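Chemist: My questions all concern the structure below.
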There are 2 protein chains.
Amino acid sequence: MAKYNGVSISVIRRMPRYYRFLRELNNKGIQRVSSKALAALMGLTASQIRQDLNCFGGFGQQGYGYNVQLLYEEIGNILGIPNAFRTILIGVGNLGRAVLQHMDFREVGFELIGVFDNDPQLNGKEIGGFSVMMVDELESFCIKNSPTVAIMCLPDEAVDELCPLLISCGVNGFWNFTHVDIAMKYPGTAVENVHLGDGLMTLCYKLSNDSERKQEY
Amino acid sequence: MAKYNGVSISVIRRMPRYYRFLRELNNKGIQRVSSKALAALMGLTASQIRQDLNCFGGFGQQGYGYNVQLLYEEIGNILGIPNAFRTILIGVGNLGRAVLQHMDFREVGFELIGVFDNDPQLNGKEIGGFSVMMVDELESFCIKNSPTVAIMCLPDEAVDELCPLLISCGVNGFWNFTHVDIAMKYPGTAVENVHLGDGLMTLCYKLSNDSERKQEY
């Protein structure tokens, strides 16, 4: 599945944003956009957009611009959205619930298939359209349903209890809200960490350094 | 307050991570760390660490490495952590509650001073140590207490109702969980957007492209 090699992570991290903007244009029924207009909309330069897209082959046509729907679909394919990776969520405290209720998983490449917690009071409770299962059912669920991704909304202390089990059951992707460095501890996994505090500290820097009070991506 | 100019946003975005790792070392009582050891811990190269820190003047001493506590404090100063920006949170649904209960605001440069919602049922309710106030009290609260930062956990539709009011009351920083592009609509503000879906899409890319299944920052 290694379709793209050596594309820098900064470029990769900009792709979801292109995808969001193009979806919005597409939803509005706009069929064509120049790199200049797209650039203005996204607060980038036309040249940066062309450079970014060239990493994946480039999709524009001189003098025509981009076909919105085609580019939207292409970027979706680059990101792997159609894979709809089978995903479980572990931990339905406030954070897990917020994630459950705020995210459209299908739209970003995942299919949520199960929700777990270890609080017996939540056993069987309906949350976000899912009936909460207990963590001790995790192994048999994974064997039967083969999820490949886990969303970790549980306390840090519980991560090392569950990770080896999850990995042995075939989970190799983690959306990680804990502070445990899963990627480093469990090589071979793909991990995205959500460090909410890092964003706040970046905001703190921007506020503390006036010159940074301009938009950047 | 423009202390640092022209530091690239990629470098700035790495600073919070340095800060977290140094805090951890400091909390463990470790007094000195070589750039090599810090690099190994963080999954970076020693040369990248030196380059990053040189953007702010550099802090190492040849043959000695870094004084953990000093570097921790210095990076905290660079980020502006001691400013403890006065902050309000608007919207205490699941997301707002998760943010309220998970974040140590002081640790990342902010002081939370008030929590707002527009649901009358929440009026006066204690959540995360705060008594929820109603959005119609926002203006008088801001005039009295001068917050400069707002955490936006409210529905997209409500953003344009509140932003002009907030800005006229002196709020110029936004930690934005909505999909509204506050930075573009309200120039002069400092904004950090939390697009949780973008992280998931990046994970989707990593899973779809095996070659990316290695750690990167």
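Here, A, B, ... name the chains of the structure tokens in the order displayed, residue numbers run from 1 inside each chain, and ligands are numbered from 1 in the same displayed order.
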Restrict the distance test to only C-alpha atoms, flag each residue of chain B within 7 Å of chain A, and return the flagged residues as a PyMOL selection string.

Modeler: chain B and resi 1-5+12-13+16-17+79-81+94-95+97-98+108-109+173+175+183+188-192+197-211+213-215

Chemist: So that I can see what lies close to region 23-27 of chain A, please list as a PDB file with N, CA and C atoms, in the first residue's frame the residues with an atom at most 7 Å from it, counting only C-alpha atoms and leaving out residues fewer than 4 positions away in the same chain.

Modeler:
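Result file is part_22.pdb:
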```pdb
ATOM      1  N   TYR A  19      -8.579  18.934   1.833  1.00  0.00           N
ATOM      2  CA  TYR A  19      -9.741  18.058   1.700  1.00  0.00           C
ATOM      3  C   TYR A  19     -10.990  18.738   2.259  1.00  0.00           C
ATOM      4  N   GLN A  31     -17.787  23.912  -9.317  1.00  0.00           N
ATOM      5  CA  GLN A  31     -17.183  22.837 -10.105  1.00  0.00           C
ATOM      6  C   GLN A  31     -15.713  23.054 -10.425  1.00  0.00           C
ATOM      7  N   VAL A  68     -13.106  20.752  -9.009  1.00  0.00           N
ATOM      8  CA  VAL A  68     -13.277  20.626  -7.555  1.00  0.00           C
ATOM      9  C   VAL A  68     -13.572  19.185  -7.136  1.00  0.00           C
ATOM     10  N   GLN A  69     -14.577  18.578  -7.785  1.00  0.00           N
ATOM     11  CA  GLN A  69     -14.970  17.245  -7.341  1.00  0.00           C
ATOM     12  C   GLN A  69     -13.854  16.219  -7.555  1.00  0.00           C
ATOM     13  N   TYR A  72     -11.133  16.844  -5.003  1.00  0.00           N
ATOM     14  CA  TYR A  72     -11.634  16.398  -3.701  1.00  0.00           C
ATOM     15  C   TYR A  72     -11.513  14.878  -3.584  1.00  0.00           C
TER      16      TYR A  72
END
```

Chemist: May I ask for the distance between CA of Val132 (chain B) and CA of Ser168 (chain B), given in Å to one decimal place?

Modeler: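 We find that CA of Val132 (chain B) and CA of Ser168 (chain B) lie 22.3 Å from each other.
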
Chemist: When you draw a straight line from CA of Glu161 (chain B) to CA of Lys144 (chain B), how long is it in Å?

Modeler: 20.5 Å

Chemist: When you count only C-alpha atoms, which of these residues is closest to Glu111 (chain B): B:Ser140, B:Val92, B:Ile127, B:Asn145?

Modeler: B:Asn145

Chemist: Given the choices A:Phe59, A:Phe116, A:Tyr66, A:Phe21, which gets closest to Ser35 (chain A) if the distance is worked out from only C-alpha atoms?

Modeler: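 Among A:Phe59, A:Phe116, A:Tyr66, A:Phe21, it is A:Tyr66 that comes nearest to Ser35 (chain A).
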
Chemist: Got a sec to tell me which of region 29-211 of chain A DSSP assigns to alpha helix (DSSP H), as a count of residues only?

Modeler: 76

Chemist: Can you pull out the residues contacting Pro120 (chain B)? Cut-off 10 Å, using only C-alpha atoms, and skip same-chain residues under 6 positions away; I want them as a list in words.

Modeler: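 Counting only C-alpha atoms, the residues come to Val132, Met133, Met134 and Val135 of chain B.
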
Chemist: Pick out each residue of region 66-193 of chain B that DSSP on the backbone tags as strand (DSSP E); I need them as an NGL selection string.

Modeler: :B and (66-67 or 85-90 or 110-117 or 126-127 or 130-131 or 133-134 or 149-152 or 173-176 or 190-193)

Chemist: In Å, with one decimal, what is the gap from CA of Ile88 (chain A) to CA of Val115 (chain A)?

Modeler: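 For CA of Ile88 (chain A) relative to CA of Val115 (chain A), the distance reads 5.7 Å.
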